[in-house]
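With mmCIF, C-alpha atoms inside, this is structure.cif:
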```
data_final
loop_
_atom_site.group_PDB
_atom_site.id
_atom_site.type_symbol
_atom_site.label_atom_id
_atom_site.label_comp_id
_atom_site.auth_asym_id
_atom_site.auth_seq_id
_atom_site.Cartn_x
_atom_site.Cartn_y
_atom_site.Cartn_z
ATOM 1 C CA MET A 1 16.336 -18.113 45.556
ATOM 2 C CA ALA A 2 17.750 -18.420 42.065
ATOM 3 C CA GLY A 3 15.428 -17.999 39.139
ATOM 4 C CA VAL A 4 15.695 -18.469 35.405
ATOM 5 C CA LEU A 5 13.606 -16.851 32.695
ATOM 6 C CA VAL A 6 12.966 -19.084 29.698
ATOM 7 C CA VAL A 7 11.892 -17.213 26.575
ATOM 8 C CA GLY A 8 10.416 -19.166 23.665
ATOM 9 C CA GLY A 9 8.761 -22.516 23.171
ATOM 10 C CA ASP A 10 5.236 -23.565 24.030
ATOM 11 C CA ARG A 11 6.112 -26.004 26.808
ATOM 12 C CA VAL A 12 9.231 -26.299 28.926
ATOM 13 C CA GLY A 13 8.402 -29.417 30.960
ATOM 14 C CA GLU A 14 11.569 -31.507 30.623
ATOM 15 C CA ILE A 15 13.774 -28.431 30.297
ATOM 16 C CA GLU A 16 12.264 -27.047 33.498
ATOM 17 C CA SER A 17 13.264 -30.249 35.295
ATOM 18 C CA LEU A 18 16.835 -29.947 33.972
ATOM 19 C CA LEU A 19 17.061 -26.344 35.165
ATOM 20 C CA GLN A 20 15.764 -27.272 38.607
ATOM 21 C CA ASP A 21 18.364 -30.050 38.789
ATOM 22 C CA LYS A 22 21.005 -27.389 38.080
ATOM 23 C CA GLY A 23 19.855 -25.404 41.115
ATOM 24 C CA PHE A 24 17.324 -22.932 39.758
ATOM 25 C CA ARG A 25 14.349 -22.810 42.129
ATOM 26 C CA ASN A 26 11.995 -20.675 40.045
ATOM 27 C CA VAL A 27 11.542 -21.208 36.321
ATOM 28 C CA TYR A 28 9.638 -18.407 34.616
ATOM 29 C CA HIS A 29 8.406 -18.890 31.062
ATOM 30 C CA VAL A 30 7.415 -16.495 28.279
ATOM 31 C CA SER A 31 6.256 -18.352 25.173
ATOM 32 C CA GLY A 32 6.785 -15.476 22.751
ATOM 33 C CA ARG A 33 3.607 -16.333 20.844
ATOM 34 C CA LYS A 34 1.521 -13.334 21.939
ATOM 35 C CA LYS A 35 2.162 -9.766 20.821
ATOM 36 C CA SER A 36 2.170 -8.674 24.467
ATOM 37 C CA ASP A 37 5.157 -10.966 25.170
ATOM 38 C CA VAL A 38 7.398 -8.323 23.586
ATOM 39 C CA LYS A 39 6.774 -6.261 26.737
ATOM 40 C CA ALA A 40 7.903 -9.090 29.038
ATOM 41 C CA THR A 41 9.948 -8.162 32.087
ATOM 42 C CA ILE A 42 12.657 -10.002 33.958
ATOM 43 C CA PRO A 43 11.650 -11.080 37.492
ATOM 44 C CA ALA A 44 13.768 -9.735 40.355
ATOM 45 C CA ASP A 45 15.276 -13.087 41.427
ATOM 46 C CA THR A 46 16.390 -14.043 37.908
ATOM 47 C CA GLU A 47 20.036 -15.076 37.628
ATOM 48 C CA LEU A 48 19.893 -16.300 34.019
ATOM 49 C CA VAL A 49 17.850 -15.608 30.898
ATOM 50 C CA LEU A 50 17.588 -18.493 28.441
ATOM 51 C CA VAL A 51 16.296 -17.602 24.959
ATOM 52 C CA PHE A 52 15.304 -20.300 22.478
ATOM 53 C CA ILE A 53 16.183 -18.594 19.205
ATOM 54 C CA ASN A 54 13.971 -20.678 16.941
ATOM 55 C CA PHE A 55 10.798 -19.668 18.823
ATOM 56 C CA VAL A 56 11.026 -15.890 19.306
ATOM 57 C CA SER A 57 10.722 -12.802 17.162
ATOM 58 C CA HIS A 58 13.563 -10.374 16.615
ATOM 59 C CA SER A 59 11.776 -7.653 18.577
ATOM 60 C CA LEU A 60 11.253 -9.910 21.606
ATOM 61 C CA SER A 61 14.863 -11.102 21.644
ATOM 62 C CA LYS A 62 16.097 -7.523 21.253
ATOM 63 C CA ASN A 63 13.936 -6.336 24.173
ATOM 64 C CA ILE A 64 14.962 -9.214 26.463
ATOM 65 C CA LYS A 65 18.636 -8.662 25.603
ATOM 66 C CA LYS A 66 18.322 -4.961 26.484
ATOM 67 C CA LEU A 67 16.598 -5.741 29.807
ATOM 68 C CA ALA A 68 19.190 -8.392 30.693
ATOM 69 C CA LYS A 69 22.028 -5.937 30.080
ATOM 70 C CA GLN A 70 20.318 -3.296 32.245
ATOM 71 C CA LYS A 71 19.924 -5.770 35.122
ATOM 72 C CA HIS A 72 23.376 -7.361 34.575
ATOM 73 C CA VAL A 73 21.827 -10.797 34.133
ATOM 74 C CA PRO A 74 23.644 -13.302 31.901
ATOM 75 C CA ILE A 75 21.725 -14.290 28.777
ATOM 76 C CA VAL A 76 22.135 -17.485 26.765
ATOM 77 C CA PHE A 77 20.824 -17.881 23.217
ATOM 78 C CA CYS A 78 20.401 -21.482 22.081
ATOM 79 C CA ARG A 79 18.131 -23.868 20.236
ATOM 80 C CA ARG A 80 15.299 -25.478 22.162
ATOM 81 C CA SER A 81 16.778 -28.781 23.233
ATOM 82 C CA CYS A 82 17.718 -30.517 26.443
ATOM 83 C CA ASP A 83 21.253 -30.996 25.125
ATOM 84 C CA ALA A 84 21.762 -27.255 24.746
ATOM 85 C CA VAL A 85 20.466 -26.637 28.272
ATOM 86 C CA SER A 86 22.484 -29.441 29.848
ATOM 87 C CA MET A 87 25.750 -28.016 28.453
ATOM 88 C CA TYR A 88 25.312 -24.783 30.426
ATOM 89 C CA GLN A 89 27.055 -24.865 33.808
ATOM 90 C CA PRO A 90 25.612 -22.057 35.953
ATOM 91 C CA THR A 91 27.357 -20.314 38.788
ATOM 92 C CA ILE A 92 24.594 -19.817 41.300
ATOM 93 C CA SER A 93 25.157 -18.022 44.566
ATOM 94 C CA ARG A 94 23.657 -20.293 47.184
ATOM 95 C CA ILE A 95 22.530 -18.932 50.510
ATOM 96 C CA SER A 96 22.953 -21.463 53.319
#
```

Show how you would write the structure in this file as structure tokens.
Amino acid sequence: MAGVLVVGGDRVGEIESLLQDKGFRNVYHVSGRKKSDVKATIPADTELVLVFINFVSHSLSKNIKKLAKQKHVPIVFCRRSCDAVSMYQPTISRIS
């Protein structure tokens, strides 16, 4: 099952629907509002990390970027908008 980690933003309702339409089954969300969010981890089934740059601190984005590199997971930095998400064309390995 393909998963995506969304970092930033308070709610991801419509964006979550867009990501599910693109084939991501699990959408994980870290708002970035709490101090403890800096210690966020990337779930095992994550195939993409999506960071909304206008909603996260530098320390959180730096930590997520480091974790994504360690796990060889692609990371996309963009503004929080459906247009930015809809432009991304993922390559998801589907298991039949």

Might you pull out every residue within 9 Å of range 59-68 of chain A, with all atoms listed in the file counted and same-chain residues fewer than 3 positions away left off, and present them as an mmCIF file with C-alpha atoms, keeping the file's coordinate frame?
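Output below, filename around24.cif:
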```
data_model
loop_
_atom_site.group_PDB
_atom_site.id
_atom_site.type_symbol
_atom_site.label_atom_id
_atom_site.label_comp_id
_atom_site.auth_asym_id
_atom_site.auth_seq_id
_atom_site.Cartn_x
_atom_site.Cartn_y
_atom_site.Cartn_z
ATOM 1 C CA VAL A 7 11.892 -17.213 26.575
ATOM 2 C CA GLY A 32 6.785 -15.476 22.751
ATOM 3 C CA ASP A 37 5.157 -10.966 25.170
ATOM 4 C CA VAL A 38 7.398 -8.323 23.586
ATOM 5 C CA LYS A 39 6.774 -6.261 26.737
ATOM 6 C CA ALA A 40 7.903 -9.090 29.038
ATOM 7 C CA THR A 41 9.948 -8.162 32.087
ATOM 8 C CA ILE A 42 12.657 -10.002 33.958
ATOM 9 C CA LEU A 48 19.893 -16.300 34.019
ATOM 10 C CA VAL A 49 17.850 -15.608 30.898
ATOM 11 C CA VAL A 51 16.296 -17.602 24.959
ATOM 12 C CA ILE A 53 16.183 -18.594 19.205
ATOM 13 C CA VAL A 56 11.026 -15.890 19.306
ATOM 14 C CA LYS A 71 19.924 -5.770 35.122
ATOM 15 C CA HIS A 72 23.376 -7.361 34.575
ATOM 16 C CA VAL A 73 21.827 -10.797 34.133
ATOM 17 C CA PRO A 74 23.644 -13.302 31.901
ATOM 18 C CA ILE A 75 21.725 -14.290 28.777
#
```

Residues matched by the PyMOL selection byres ((chain A and resi 79) around 6), written as a PyMOL selection string: chain A and resi 52-53+78+80-81

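CA of Gln70 in chain A sits 29.6 Å away from CA of Glu14 in chain A.
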
Residue neighbourhood Phe24 in chain A, 9 Å, all atoms listed in the file, exclusion window fewer than 2 positions, as a list in words: Met1, Ala2, Gly3, Val4, Leu19, Gln20, Asp21, Lys22, Asn26, Val27, Glu47 and Ile92 of chain A

Would you save the residues from that selection as a tab-separated table (two decimals), in the coordinates of the input, using C-alpha atoms?
```
chain	number	residue	atom	x	y	z
A	1	MET	CA	16.34	-18.11	45.56
A	2	ALA	CA	17.75	-18.42	42.06
A	3	GLY	CA	15.43	-18.00	39.14
A	4	VAL	CA	15.70	-18.47	35.40
A	19	LEU	CA	17.06	-26.34	35.16
A	20	GLN	CA	15.76	-27.27	38.61
A	21	ASP	CA	18.36	-30.05	38.79
A	22	LYS	CA	21.00	-27.39	38.08
A	26	ASN	CA	12.00	-20.68	40.04
A	27	VAL	CA	11.54	-21.21	36.32
A	47	GLU	CA	20.04	-15.08	37.63
A	92	ILE	CA	24.59	-19.82	41.30
```

Sphere at (11.6, -21.0, 28.2), radius 8 Å, counting only C-alpha atoms: residues as JSON, numbers by chain: {"A": [5, 6, 7, 8, 9, 11, 12, 28, 29, 30, 31, 50, 51, 52]}

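Using all atoms listed in the file, the shortest contact distance between Arg33 in chain A and any of A:Asn54, A:Ile15, A:Thr46, A:Asp10 is found at A:Asp10.
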